[in-house]
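S.K.: Here you go, this is target_32.pdb (PDB, C-alpha atoms, pLDDT in the B column).
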MODEL        1
ATOM      1  CA  MET A   1      32.080 -16.032  14.892  1.00 44.00           C
ATOM      2  CA  SER A   2      32.034 -19.813  15.293  1.00 46.00           C
ATOM      3  CA  GLY A   3      29.679 -21.954  13.209  1.00 49.00           C
ATOM      4  CA  GLN A   4      27.542 -22.666  16.278  1.00 57.00           C
ATOM      5  CA  GLY A   5      27.463 -18.970  17.200  1.00 63.00           C
ATOM      6  CA  ALA A   6      26.447 -17.991  13.675  1.00 66.00           C
ATOM      7  CA  ILE A   7      23.630 -20.551  13.735  1.00 72.00           C
ATOM      8  CA  GLY A   8      22.459 -19.282  17.136  1.00 77.00           C
ATOM      9  CA  GLU A   9      22.383 -15.702  15.837  1.00 81.00           C
ATOM     10  CA  ALA A  10      20.534 -16.807  12.700  1.00 79.00           C
ATOM     11  CA  VAL A  11      17.921 -18.667  14.773  1.00 84.00           C
ATOM     12  CA  ALA A  12      17.504 -15.675  17.113  1.00 85.00           C
ATOM     13  CA  ARG A  13      17.089 -13.199  14.249  1.00 85.00           C
ATOM     14  CA  THR A  14      14.733 -15.436  12.262  1.00 86.00           C
ATOM     15  CA  VAL A  15      12.468 -16.419  15.173  1.00 89.00           C
ATOM     16  CA  ARG A  16      12.158 -12.773  16.284  1.00 89.00           C
ATOM     17  CA  ALA A  17      11.290 -11.636  12.761  1.00 87.00           C
ATOM     18  CA  LEU A  18       8.786 -14.425  12.085  1.00 88.00           C
ATOM     19  CA  ARG A  19       7.102 -14.029  15.469  1.00 89.00           C
ATOM     20  CA  ALA A  20       6.794 -10.271  14.921  1.00 86.00           C
ATOM     21  CA  GLY A  21       5.477 -10.885  11.406  1.00 85.00           C
ATOM     22  CA  HIS A  22       2.678 -13.021  12.840  1.00 86.00           C
ATOM     23  CA  GLY A  23       1.997 -10.353  15.485  1.00 89.00           C
ATOM     24  CA  TRP A  24       2.503 -12.913  18.269  1.00 92.00           C
ATOM     25  CA  SER A  25       3.777 -12.316  21.774  1.00 91.00           C
ATOM     26  CA  LEU A  26       6.415 -14.586  23.292  1.00 91.00           C
ATOM     27  CA  ASP A  27       3.638 -16.215  25.325  1.00 93.00           C
ATOM     28  CA  GLU A  28       1.572 -16.903  22.205  1.00 93.00           C
ATOM     29  CA  LEU A  29       4.447 -18.518  20.315  1.00 93.00           C
ATOM     30  CA  ALA A  30       5.423 -20.524  23.390  1.00 92.00           C
ATOM     31  CA  GLY A  31       1.862 -21.858  23.662  1.00 94.00           C
ATOM     32  CA  ARG A  32       1.643 -22.700  19.962  1.00 93.00           C
ATOM     33  CA  ALA A  33       5.037 -24.415  19.957  1.00 92.00           C
ATOM     34  CA  GLY A  34       4.638 -26.181  23.297  1.00 93.00           C
ATOM     35  CA  VAL A  35       7.866 -24.719  24.721  1.00 92.00           C
ATOM     36  CA  SER A  36       8.478 -22.495  27.713  1.00 91.00           C
ATOM     37  CA  LYS A  37       8.619 -18.733  27.381  1.00 91.00           C
ATOM     38  CA  GLY A  38      12.066 -18.845  29.008  1.00 90.00           C
ATOM     39  CA  VAL A  39      13.392 -21.058  26.212  1.00 89.00           C
ATOM     40  CA  LEU A  40      12.085 -18.578  23.623  1.00 90.00           C
ATOM     41  CA  VAL A  41      13.539 -15.570  25.445  1.00 89.00           C
ATOM     42  CA  GLY A  42      16.961 -17.216  25.541  1.00 88.00           C
ATOM     43  CA  LEU A  43      16.681 -18.296  21.936  1.00 87.00           C
ATOM     44  CA  GLU A  44      15.667 -14.829  20.700  1.00 87.00           C
ATOM     45  CA  GLN A  45      18.558 -13.275  22.641  1.00 87.00           C
ATOM     46  CA  GLY A  46      21.014 -15.686  21.040  1.00 83.00           C
ATOM     47  CA  ARG A  47      21.810 -17.371  24.360  1.00 81.00           C
ATOM     48  CA  GLY A  48      19.737 -20.477  23.941  1.00 68.00           C
ATOM     49  CA  ASN A  49      20.999 -23.852  22.817  1.00 73.00           C
ATOM     50  CA  PRO A  50      17.728 -25.588  21.994  1.00 75.00           C
ATOM     51  CA  ASN A  51      17.608 -29.213  20.977  1.00 78.00           C
ATOM     52  CA  LEU A  52      16.368 -30.376  17.602  1.00 76.00           C
ATOM     53  CA  GLY A  53      12.903 -31.248  18.930  1.00 80.00           C
ATOM     54  CA  THR A  54      12.434 -27.715  20.279  1.00 85.00           C
ATOM     55  CA  LEU A  55      13.525 -26.161  16.981  1.00 86.00           C
ATOM     56  CA  ILE A  56      11.129 -28.404  15.050  1.00 85.00           C
ATOM     57  CA  ARG A  57       8.214 -27.443  17.336  1.00 87.00           C
ATOM     58  CA  ILE A  58       9.043 -23.751  16.897  1.00 90.00           C
ATOM     59  CA  SER A  59       9.391 -24.020  13.105  1.00 86.00           C
ATOM     60  CA  ASP A  60       6.080 -25.928  12.896  1.00 88.00           C
ATOM     61  CA  ALA A  61       4.327 -23.280  14.993  1.00 91.00           C
ATOM     62  CA  LEU A  62       5.733 -20.526  12.749  1.00 90.00           C
ATOM     63  CA  GLY A  63       4.766 -22.423   9.609  1.00 87.00           C
ATOM     64  CA  VAL A  64       8.279 -22.566   8.132  1.00 82.00           C
ATOM     65  CA  PRO A  65      10.696 -25.406   7.443  1.00 78.00           C
ATOM     66  CA  LEU A  66      13.409 -26.049  10.010  1.00 77.00           C
ATOM     67  CA  THR A  67      16.025 -25.021   7.458  1.00 74.00           C
ATOM     68  CA  ARG A  68      14.602 -21.497   7.517  1.00 77.00           C
ATOM     69  CA  LEU A  69      15.375 -21.146  11.226  1.00 77.00           C
ATOM     70  CA  VAL A  70      18.999 -22.239  10.945  1.00 74.00           C
ATOM     71  CA  GLN A  71      19.812 -20.517   7.649  1.00 72.00           C
ATOM     72  CA  VAL A  72      23.011 -18.612   8.346  1.00 66.00           C
ATOM     73  CA  GLU A  73      23.089 -16.625   5.110  1.00 62.00           C
ATOM     74  CA  GLU A  74      21.288 -13.391   5.603  1.00 59.00           C
ATOM     75  CA  GLU A  75      19.089 -11.826   2.998  1.00 64.00           C
ATOM     76  CA  PRO A  76      21.045  -8.891   1.631  1.00 70.00           C
ATOM     77  CA  PRO A  77      20.078  -5.624   3.304  1.00 75.00           C
ATOM     78  CA  VAL A  78      19.074  -4.214  -0.097  1.00 81.00           C
ATOM     79  CA  ARG A  79      17.519  -6.075  -3.038  1.00 81.00           C
ATOM     80  CA  MET A  80      17.294  -4.093  -6.240  1.00 85.00           C
ATOM     81  CA  PHE A  81      14.400  -4.450  -8.695  1.00 85.00           C
ATOM     82  CA  ARG A  82      15.566  -2.690 -11.817  1.00 90.00           C
ATOM     83  CA  PRO A  83      12.982  -1.692 -14.456  1.00 91.00           C
ATOM     84  CA  GLU A  84      13.621  -4.830 -16.531  1.00 88.00           C
ATOM     85  CA  ARG A  85      12.447  -6.898 -13.531  1.00 86.00           C
ATOM     86  CA  HIS A  86       9.091  -5.075 -13.268  1.00 87.00           C
ATOM     87  CA  VAL A  87       6.296  -7.359 -14.431  1.00 88.00           C
ATOM     88  CA  VAL A  88       2.929  -6.375 -15.911  1.00 87.00           C
ATOM     89  CA  LEU A  89       0.535  -8.858 -14.299  1.00 90.00           C
ATOM     90  CA  TRP A  90      -2.777  -7.267 -15.301  1.00 91.00           C
ATOM     91  CA  GLU A  91      -3.888  -5.700 -18.560  1.00 92.00           C
ATOM     92  CA  GLY A  92      -7.264  -4.010 -18.878  1.00 95.00           C
ATOM     93  CA  GLU A  93      -9.511  -4.103 -21.921  1.00 95.00           C
ATOM     94  CA  GLU A  94      -8.768  -0.430 -22.639  1.00 96.00           C
ATOM     95  CA  GLY A  95      -4.969  -0.706 -22.142  1.00 97.00           C
ATOM     96  CA  GLY A  96      -4.618  -0.163 -18.397  1.00 97.00           C
ATOM     97  CA  THR A  97      -1.901  -2.049 -16.540  1.00 96.00           C
ATOM     98  CA  GLY A  98      -1.060  -3.406 -13.102  1.00 94.00           C
ATOM     99  CA  THR A  99       2.722  -3.680 -12.768  1.00 93.00           C
ATOM    100  CA  LEU A 100       4.480  -5.455  -9.890  1.00 92.00           C
ATOM    101  CA  LEU A 101       7.504  -3.270  -9.127  1.00 92.00           C
ATOM    102  CA  ALA A 102       8.995  -5.203  -6.219  1.00 88.00           C
ATOM    103  CA  GLY A 103       8.137  -7.771  -3.596  1.00 84.00           C
ATOM    104  CA  SER A 104       9.574  -9.533  -0.604  1.00 80.00           C
ATOM    105  CA  ASP A 105       9.295 -13.187   0.258  1.00 69.00           C
ATOM    106  CA  PRO A 106       8.460 -15.383   2.028  1.00 64.00           C
ATOM    107  CA  ARG A 107       5.517 -14.365   4.184  1.00 65.00           C
ATOM    108  CA  PRO A 108       4.944 -11.954   5.602  1.00 74.00           C
ATOM    109  CA  SER A 109       5.381 -10.420   2.180  1.00 79.00           C
ATOM    110  CA  LEU A 110       5.201  -6.865   0.954  1.00 88.00           C
ATOM    111  CA  GLU A 111       4.446  -5.941  -2.660  1.00 91.00           C
ATOM    112  CA  LEU A 112       4.703  -2.611  -4.425  1.00 94.00           C
ATOM    113  CA  TRP A 113       2.560  -2.017  -7.541  1.00 95.00           C
ATOM    114  CA  ARG A 114       2.067   0.731 -10.133  1.00 98.00           C
ATOM    115  CA  TRP A 115      -1.402   0.854 -11.699  1.00 98.00           C
ATOM    116  CA  VAL A 116      -2.909   2.726 -14.633  1.00 98.00           C
ATOM    117  CA  LEU A 117      -6.663   2.403 -15.186  1.00 98.00           C
ATOM    118  CA  ARG A 118      -8.086   3.790 -18.405  1.00 98.00           C
ATOM    119  CA  PRO A 119     -11.607   5.318 -18.368  1.00 98.00           C
ATOM    120  CA  GLY A 120     -14.226   2.647 -17.690  1.00 98.00           C
ATOM    121  CA  GLU A 121     -11.777  -0.010 -16.470  1.00 98.00           C
ATOM    122  CA  THR A 122     -12.225  -1.918 -13.223  1.00 97.00           C
ATOM    123  CA  ARG A 123      -9.942  -4.492 -11.631  1.00 96.00           C
ATOM    124  CA  GLU A 124     -11.827  -6.951  -9.400  1.00 94.00           C
ATOM    125  CA  SER A 125      -9.767  -8.743  -6.750  1.00 93.00           C
ATOM    126  CA  ASP A 126     -10.663 -11.744  -4.659  1.00 89.00           C
ATOM    127  CA  ALA A 127     -10.041 -11.622  -0.932  1.00 90.00           C
ATOM    128  CA  HIS A 128      -6.409 -12.261   0.016  1.00 87.00           C
ATOM    129  CA  VAL A 129      -5.285 -14.304   3.038  1.00 85.00           C
ATOM    130  CA  PRO A 130      -6.629 -13.200   6.449  1.00 87.00           C
ATOM    131  CA  GLY A 131      -4.863 -10.163   7.848  1.00 90.00           C
ATOM    132  CA  THR A 132      -3.799  -8.700   4.494  1.00 91.00           C
ATOM    133  CA  LYS A 133      -3.654  -4.895   4.413  1.00 95.00           C
ATOM    134  CA  GLU A 134      -3.367  -2.603   1.405  1.00 97.00           C
ATOM    135  CA  ILE A 135      -2.419   1.041   0.970  1.00 98.00           C
ATOM    136  CA  VAL A 136      -3.253   2.978  -2.171  1.00 98.00           C
ATOM    137  CA  TYR A 137      -1.910   6.415  -3.152  1.00 98.00           C
ATOM    138  CA  VAL A 138      -3.576   8.143  -6.111  1.00 98.00           C
ATOM    139  CA  GLN A 139      -1.157  10.106  -8.267  1.00 98.00           C
ATOM    140  CA  GLU A 140      -3.631  11.172 -10.954  1.00 98.00           C
ATOM    141  CA  GLY A 141      -7.420  11.116 -11.305  1.00 98.00           C
ATOM    142  CA  THR A 142      -9.991   9.740  -8.876  1.00 98.00           C
ATOM    143  CA  LEU A 143      -9.971   6.059  -7.958  1.00 98.00           C
ATOM    144  CA  THR A 144     -13.215   4.265  -7.190  1.00 98.00           C
ATOM    145  CA  LEU A 145     -12.245   1.854  -4.418  1.00 98.00           C
ATOM    146  CA  GLY A 146     -14.670  -0.933  -3.567  1.00 98.00           C
ATOM    147  CA  VAL A 147     -14.132  -3.011  -0.429  1.00 97.00           C
ATOM    148  CA  ASP A 148     -16.589  -5.654   0.743  1.00 94.00           C
ATOM    149  CA  GLY A 149     -19.620  -3.930  -0.805  1.00 93.00           C
ATOM    150  CA  ARG A 150     -18.582  -0.389   0.204  1.00 96.00           C
ATOM    151  CA  THR A 151     -17.464   2.203  -2.367  1.00 98.00           C
ATOM    152  CA  ASP A 152     -15.147   5.130  -1.663  1.00 98.00           C
ATOM    153  CA  LEU A 153     -13.629   7.741  -3.966  1.00 98.00           C
ATOM    154  CA  VAL A 154      -9.911   8.322  -3.460  1.00 98.00           C
ATOM    155  CA  GLU A 155      -8.972  11.609  -5.068  1.00 98.00           C
ATOM    156  CA  GLU A 156      -5.668  12.672  -6.578  1.00 98.00           C
ATOM    157  CA  GLY A 157      -3.060  13.209  -3.854  1.00 98.00           C
ATOM    158  CA  ALA A 158      -5.001  11.173  -1.292  1.00 98.00           C
ATOM    159  CA  ALA A 159      -4.190   7.776   0.180  1.00 98.00           C
ATOM    160  CA  ALA A 160      -6.342   5.052   1.688  1.00 98.00           C
ATOM    161  CA  VAL A 161      -5.572   2.038   3.866  1.00 98.00           C
ATOM    162  CA  PHE A 162      -7.948  -0.911   3.650  1.00 97.00           C
ATOM    163  CA  VAL A 163      -8.334  -4.589   4.412  1.00 96.00           C
ATOM    164  CA  GLY A 164      -7.352  -6.806   1.522  1.00 93.00           C
ATOM    165  CA  ASP A 165      -8.790  -9.978   3.017  1.00 93.00           C
ATOM    166  CA  ARG A 166     -12.221  -9.130   1.629  1.00 95.00           C
ATOM    167  CA  PRO A 167     -13.320  -8.854  -2.008  1.00 95.00           C
ATOM    168  CA  HIS A 168     -12.215  -5.483  -3.375  1.00 97.00           C
ATOM    169  CA  SER A 169     -11.911  -3.545  -6.623  1.00 97.00           C
ATOM    170  CA  TYR A 170     -10.148  -0.599  -8.189  1.00 98.00           C
ATOM    171  CA  GLY A 171     -12.100   1.363 -10.790  1.00 98.00           C
ATOM    172  CA  ASN A 172     -11.976   4.392 -13.018  1.00 98.00           C
ATOM    173  CA  ALA A 173     -15.355   6.046 -13.597  1.00 98.00           C
ATOM    174  CA  GLY A 174     -13.770   9.263 -14.871  1.00 97.00           C
ATOM    175  CA  LYS A 175     -12.852  10.572 -18.316  1.00 97.00           C
ATOM    176  CA  GLY A 176      -9.059  10.529 -17.858  1.00 98.00           C
ATOM    177  CA  ASP A 177      -6.557   7.944 -16.667  1.00 98.00           C
ATOM    178  CA  VAL A 178      -6.231   7.007 -13.003  1.00 98.00           C
ATOM    179  CA  ARG A 179      -2.673   6.340 -11.849  1.00 98.00           C
ATOM    180  CA  PHE A 180      -1.946   4.956  -8.423  1.00 98.00           C
ATOM    181  CA  ILE A 181       0.675   3.196  -6.341  1.00 98.00           C
ATOM    182  CA  LEU A 182      -0.403   0.184  -4.273  1.00 97.00           C
ATOM    183  CA  ALA A 183       1.364  -1.582  -1.415  1.00 96.00           C
ATOM    184  CA  VAL A 184       0.111  -4.974  -0.253  1.00 93.00           C
ATOM    185  CA  LEU A 185       1.143  -6.504   3.090  1.00 92.00           C
ATOM    186  CA  ASP A 186       0.269 -10.196   2.919  1.00 84.00           C
ATOM    187  CA  LEU A 187       0.613 -11.821   6.321  1.00 76.00           C
TER
ENDMDL
END
Let me see whether you can do it: turn the structure in this file into C-alpha coordinates.
M.R.:
Amino acid sequence: MSGQGAIGEAVARTVRALRAGHGWSLDELAGRAGVSKGVLVGLEQGRGNPNLGTLIRISDALGVPLTRLVQVEEEPPVRMFRPERHVVLWEGEEGGTGTLLAGSDPRPSLELWRWVLRPGETRESDAHVPGTKEIVYVQEGTLTLGVDGRTDLVEEGAAAVFVGDRPHSYGNAGKGDVRFILAVLDL
(Lines of atoms letter the chains of each structure in order from A and count residues from 1; the text may use other names and numbers.)
(Lines give C-alpha, C1' and ligand atoms only; values in the text may rest on other atoms or scores of the structure.)
Protein backbone atom coordinates (compact mmCIF):
# COMPACT_ATOMS: atom_id res chain seq x y z
CA MET A 1 0.00 0.00 0.00
CA SER A 2 1.32 3.46 -0.87
CA GLY A 3 2.25 5.93 1.87
CA GLN A 4 -0.81 8.05 1.05
CA GLY A 5 -3.06 4.98 1.06
CA ALA A 6 -1.70 3.84 4.41
CA ILE A 7 -2.33 7.29 5.88
CA GLY A 8 -5.87 7.32 4.49
CA GLU A 9 -6.57 3.91 6.04
CA ALA A 10 -5.08 5.04 9.35
CA VAL A 11 -7.25 8.19 9.38
CA ALA A 12 -10.37 6.16 8.49
CA ARG A 13 -9.73 3.57 11.21
CA THR A 14 -8.83 6.14 13.87
CA VAL A 15 -11.74 8.53 13.21
CA ARG A 16 -14.24 5.63 13.23
CA ALA A 17 -12.86 4.29 16.50
CA LEU A 18 -12.70 7.67 18.25
CA ARG A 19 -16.17 8.68 17.07
CA ALA A 20 -17.59 5.37 18.28
CA GLY A 21 -15.73 5.77 21.58
CA HIS A 22 -17.46 9.11 22.13
CA GLY A 23 -20.80 7.54 21.17
CA TRP A 24 -21.29 10.15 18.43
CA SER A 25 -23.16 9.78 15.17
CA LEU A 26 -21.64 11.00 11.91
CA ASP A 27 -23.98 14.00 12.11
CA GLU A 28 -22.81 14.86 15.63
CA LEU A 29 -19.12 14.73 14.73
CA ALA A 30 -19.76 16.71 11.55
CA GLY A 31 -21.50 19.43 13.59
CA ARG A 32 -18.76 19.54 16.22
CA ALA A 33 -15.99 19.65 13.61
CA GLY A 34 -17.74 22.04 11.23
CA VAL A 35 -17.40 19.69 8.25
CA SER A 36 -20.02 18.05 6.07
CA LYS A 37 -21.32 14.58 6.82
CA GLY A 38 -20.32 13.57 3.28
CA VAL A 39 -16.68 14.44 3.99
CA LEU A 40 -16.77 12.27 7.13
CA VAL A 41 -18.43 9.35 5.33
CA GLY A 42 -15.74 9.41 2.64
CA LEU A 43 -13.00 9.78 5.22
CA GLU A 44 -14.26 6.88 7.35
CA GLN A 45 -14.51 4.68 4.25
CA GLY A 46 -10.93 5.49 3.30
CA ARG A 47 -11.98 7.31 0.13
CA GLY A 48 -11.60 10.85 1.34
CA ASN A 49 -8.64 13.10 0.72
CA PRO A 50 -9.29 15.84 3.26
CA ASN A 51 -7.12 18.91 3.47
CA LEU A 52 -5.07 19.79 6.53
CA GLY A 53 -7.67 22.26 7.82
CA THR A 54 -10.38 19.58 7.77
CA LEU A 55 -8.16 17.10 9.61
CA ILE A 56 -7.32 19.71 12.25
CA ARG A 57 -11.02 20.51 12.79
CA ILE A 58 -11.81 16.80 13.14
CA SER A 59 -8.92 16.15 15.54
CA ASP A 60 -9.93 19.18 17.65
CA ALA A 61 -13.54 17.96 17.80
CA LEU A 62 -12.36 14.49 18.88
CA GLY A 63 -9.99 15.96 21.45
CA VAL A 64 -6.83 14.34 20.07
CA PRO A 65 -3.70 15.72 18.43
CA LEU A 66 -3.55 15.68 14.64
CA THR A 67 -0.70 13.18 14.82
CA ARG A 68 -3.10 10.65 16.33
CA LEU A 69 -5.30 10.75 13.23
CA VAL A 70 -2.48 10.16 10.76
CA GLN A 71 -0.50 7.64 12.82
CA VAL A 72 0.13 4.76 10.44
CA GLU A 73 1.51 2.33 13.01
CA GLU A 74 -1.28 0.30 14.42
CA GLU A 75 -1.50 -0.69 18.03
CA PRO A 76 -0.66 -4.38 18.14
CA PRO A 77 -3.78 -6.55 18.15
CA VAL A 78 -2.67 -8.06 21.48
CA ARG A 79 -0.81 -6.34 24.33
CA MET A 80 0.37 -8.64 27.07
CA PHE A 81 0.46 -7.61 30.74
CA ARG A 82 2.52 -10.27 32.44
CA PRO A 83 2.34 -10.60 36.25
CA GLU A 84 5.47 -8.49 36.76
CA ARG A 85 3.62 -5.57 35.11
CA HIS A 86 0.66 -5.75 37.52
CA VAL A 87 0.76 -2.79 39.89
CA VAL A 88 -0.67 -2.56 43.42
CA LEU A 89 -2.13 0.95 43.51
CA TRP A 90 -4.11 0.71 46.76
CA GLU A 91 -3.24 -0.86 50.08
CA GLY A 92 -5.76 -1.02 52.90
CA GLU A 93 -5.00 -0.61 56.59
CA GLU A 94 -5.65 -4.32 57.18
CA GLY A 95 -3.60 -5.55 54.18
CA GLY A 96 -6.16 -5.44 51.37
CA THR A 97 -4.98 -4.53 47.88
CA GLY A 98 -6.23 -2.99 44.65
CA THR A 99 -4.08 -4.25 41.77
CA LEU A 100 -4.22 -2.84 38.24
CA LEU A 101 -3.87 -5.88 35.98
CA ALA A 102 -4.12 -4.21 32.58
CA GLY A 103 -5.31 -1.06 30.89
CA SER A 104 -5.73 0.50 27.49
CA ASP A 105 -4.91 4.03 26.48
CA PRO A 106 -5.67 6.68 25.44
CA ARG A 107 -9.32 7.42 26.10
CA PRO A 108 -11.66 5.79 25.88
CA SER A 109 -9.74 3.58 28.26
CA LEU A 110 -10.54 0.25 29.83
CA GLU A 111 -8.93 -0.97 33.06
CA LEU A 112 -9.01 -4.38 34.68
CA TRP A 113 -8.43 -4.63 38.45
CA ARG A 114 -8.15 -7.38 41.07
CA TRP A 115 -9.21 -6.36 44.59
CA VAL A 116 -8.93 -7.98 48.00
CA LEU A 117 -10.66 -6.24 50.92
CA ARG A 118 -9.92 -7.52 54.41
CA PRO A 119 -12.70 -7.41 57.05
CA GLY A 120 -13.58 -3.82 57.93
CA GLU A 121 -11.81 -2.23 54.95
CA THR A 122 -13.46 0.29 52.64
CA ARG A 123 -12.07 1.94 49.53
CA GLU A 124 -13.65 5.35 48.84
CA SER A 125 -13.45 6.61 45.26
CA ASP A 126 -14.12 10.06 43.90
CA ALA A 127 -16.32 10.42 40.85
CA HIS A 128 -14.52 9.67 37.58
CA VAL A 129 -15.02 11.62 34.34
CA PRO A 130 -18.61 11.86 33.02
CA GLY A 131 -19.81 8.71 31.32
CA THR A 132 -17.53 6.31 33.20
CA LYS A 133 -19.01 2.85 33.78
CA GLU A 134 -17.79 0.10 36.09
CA ILE A 135 -18.49 -3.61 36.34
CA VAL A 136 -17.69 -5.61 39.45
CA TYR A 137 -17.69 -9.41 39.79
CA VAL A 138 -17.42 -10.84 43.31
CA GLN A 139 -15.36 -14.01 43.50
CA GLU A 140 -15.47 -14.46 47.27
CA GLY A 141 -17.47 -12.91 50.12
CA THR A 142 -20.07 -10.14 49.94
CA LEU A 143 -19.10 -6.70 48.67
CA THR A 144 -20.79 -3.61 50.06
CA LEU A 145 -21.05 -1.32 47.04
CA GLY A 146 -21.88 2.32 47.64
CA VAL A 147 -22.80 4.57 44.71
CA ASP A 148 -23.93 8.16 45.14
CA GLY A 149 -25.43 7.58 48.60
CA ARG A 150 -27.01 4.20 47.75
CA THR A 151 -25.71 0.93 49.23
CA ASP A 152 -26.06 -2.49 47.61
CA LEU A 153 -24.71 -5.89 48.63
CA VAL A 154 -23.08 -7.85 45.81
CA GLU A 155 -22.84 -11.48 46.84
CA GLU A 156 -20.30 -14.09 45.82
CA GLY A 157 -20.82 -15.11 42.19
CA ALA A 158 -22.84 -11.99 41.37
CA ALA A 159 -21.90 -9.02 39.22
CA ALA A 160 -23.04 -5.41 39.18
CA VAL A 161 -22.76 -2.62 36.62
CA PHE A 162 -22.77 0.94 37.92
CA VAL A 163 -21.94 4.52 37.04
CA GLY A 164 -18.44 5.51 38.06
CA ASP A 165 -18.96 9.22 37.47
CA ARG A 166 -20.43 9.62 40.94
CA PRO A 167 -18.74 9.11 44.32
CA HIS A 168 -18.60 5.39 45.08
CA SER A 169 -17.04 2.90 47.49
CA TYR A 170 -16.19 -0.76 47.87
CA GLY A 171 -16.44 -2.20 51.37
CA ASN A 172 -16.15 -5.38 53.36
CA ALA A 173 -18.49 -5.57 56.36
CA GLY A 174 -18.05 -9.33 56.70
CA LYS A 175 -15.73 -11.55 58.72
CA GLY A 176 -13.76 -13.00 55.79
CA ASP A 177 -11.96 -11.50 52.80
CA VAL A 178 -13.85 -10.09 49.83
CA ARG A 179 -12.22 -10.74 46.46
CA PHE A 180 -13.52 -9.14 43.31
CA ILE A 181 -12.61 -8.25 39.75
CA LEU A 182 -13.36 -4.72 38.53
CA ALA A 183 -13.49 -3.32 35.00
CA VAL A 184 -13.57 0.44 34.49
CA LEU A 185 -14.56 2.03 31.16
CA ASP A 186 -13.39 5.64 31.28
CA LEU A 187 -14.79 7.61 28.37
S.K.: When distances are computed from all atoms listed in the file, which of A:Arg47, A:Arg150, A:His168, A:Arg179 shows the smallest separation from Trp115 in chain A?
M.R.: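 Among the listed residues, the smallest separation from Trp115 in chain A belongs to A:Arg179.
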S.K.: So which residues fall inside 9 Å of (1.7, -5.7, -16.9) if we count all atoms listed in the file? Mind giving them as a ChimeraX atom specification?
M.R.: /A:86-91,96-100,115
S.K.: Taking only C-alpha atoms into account, name the residue in A:Ile181, A:Thr142, A:Ser125, A:Val154 that is nearest to Ser169 in chain A.
M.R.: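 The shortest atom-to-atom distance to Ser169 in chain A comes from A:Ser125.
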S.K.: Around the point (15.8, -25.1, 15.4) (coordinates from the file), which residues reach within 10 Å if we count only C-alpha atoms? Answer as a list in words.
M.R.: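 The residues near that point, listed by chain and number, are Ile7, Gly8, Ala10, Val11, Ala12, Val15, Leu43, Asn49, Pro50, Asn51, Leu52, Gly53, Thr54, Leu55, Ile56, Arg57, Ile58, Ser59, Pro65, Leu66, Thr67, Arg68, Leu69, Val70 and Gln71 of chain A.
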S.K.: I need the residue nearest Ala158 in chain A from this list: A:Gln45, A:Leu112, A:Trp24, A:Phe180. Use only C-alpha atoms for the distance.
M.R.: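 Among A:Gln45, A:Leu112, A:Trp24, A:Phe180, it is A:Phe180 that comes nearest to Ala158 in chain A.
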S.K.: Figure out the distance between CA of Ser109 in chain A and CA of Val178 in chain A, please, to one decimal in Å.
M.R.: 25.9 Å
S.K.: Which of these, A:Val78, A:Val116, A:Ala20, A:Ala33, has the shortest distance to Gly171 in chain A once you count all atoms listed in the file?
M.R.: A:Val116
S.K.: Nearest to Asn172 in chain A among A:Leu18, A:Val138, A:Leu187, A:Leu110, with distances taken over all atoms listed in the file: which residue is it?
M.R.: A:Val138
S.K.: Could you work out how far CA of Asp186 in chain A lies from CA of Lys37 in chain A, giving the answer in Å with one decimal?
M.R.: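 Separation between CA of Lys37 in chain A and CA of Asp186 in chain A: 27.2 Å.
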S.K.: Between A:Leu185, A:Ala159, A:Leu143, A:Leu117, which residue has the minimum interatomic distance to Gly131 in chain A, considering only C-alpha atoms?
M.R.: A:Leu185
S.K.: CA of Gly23 in chain A and CA of Pro76 in chain A, how far apart in Å?
M.R.: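 CA of Gly23 in chain A lies 23.6 Å from CA of Pro76 in chain A.
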S.K.: If we count all atoms listed in the file, what is near Glu111 in chain A at a cut-off of 8 Å, once residues fewer than 4 positions away on the same chain are taken out, given as a list in words?
M.R.: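 Here the qualifying residues turn out to be Leu100, Leu101, Ala102, Gly103, Ser104, Leu182, Ala183, Val184 and Leu185 of chain A.
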S.K.: Specify as a ChimeraX atom specification each residue included when the PyMOL selection byres ((chain A and resi 175) around 6) is applied to this file.
M.R.: /A:119,174,176
S.K.: List the neighbours of Leu145 in chain A out to 6 Å using all atoms listed in the file; skip same-chain residues closer than 5 positions along the sequence, and give me the result as a PDB file with C-alpha atoms, in the coordinates of the input.
M.R.:
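Written out: selection-v4.pdb:
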ATOM      1  CA  THR A 151     -17.464   2.203  -2.367  1.00 98.00           C
ATOM      2  CA  ASP A 152     -15.147   5.130  -1.663  1.00 98.00           C
ATOM      3  CA  SER A 169     -11.911  -3.545  -6.623  1.00 97.00           C
ATOM      4  CA  TYR A 170     -10.148  -0.599  -8.189  1.00 98.00           C
TER       5      TYR A 170
END
S.K.: Taking the file as I've supplied it (selection: the PyMOL selection byres ((chain A and resi 162) around 8)), which residues are included? Please answer as a list in words.
M.R.: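 Taken on the displayed file, the PyMOL selection byres ((chain A and resi 162) around 8) yields the residues Lys133, Glu134, Ile135, Val147, Ala160, Val161, Val163 and Gly164 of chain A.
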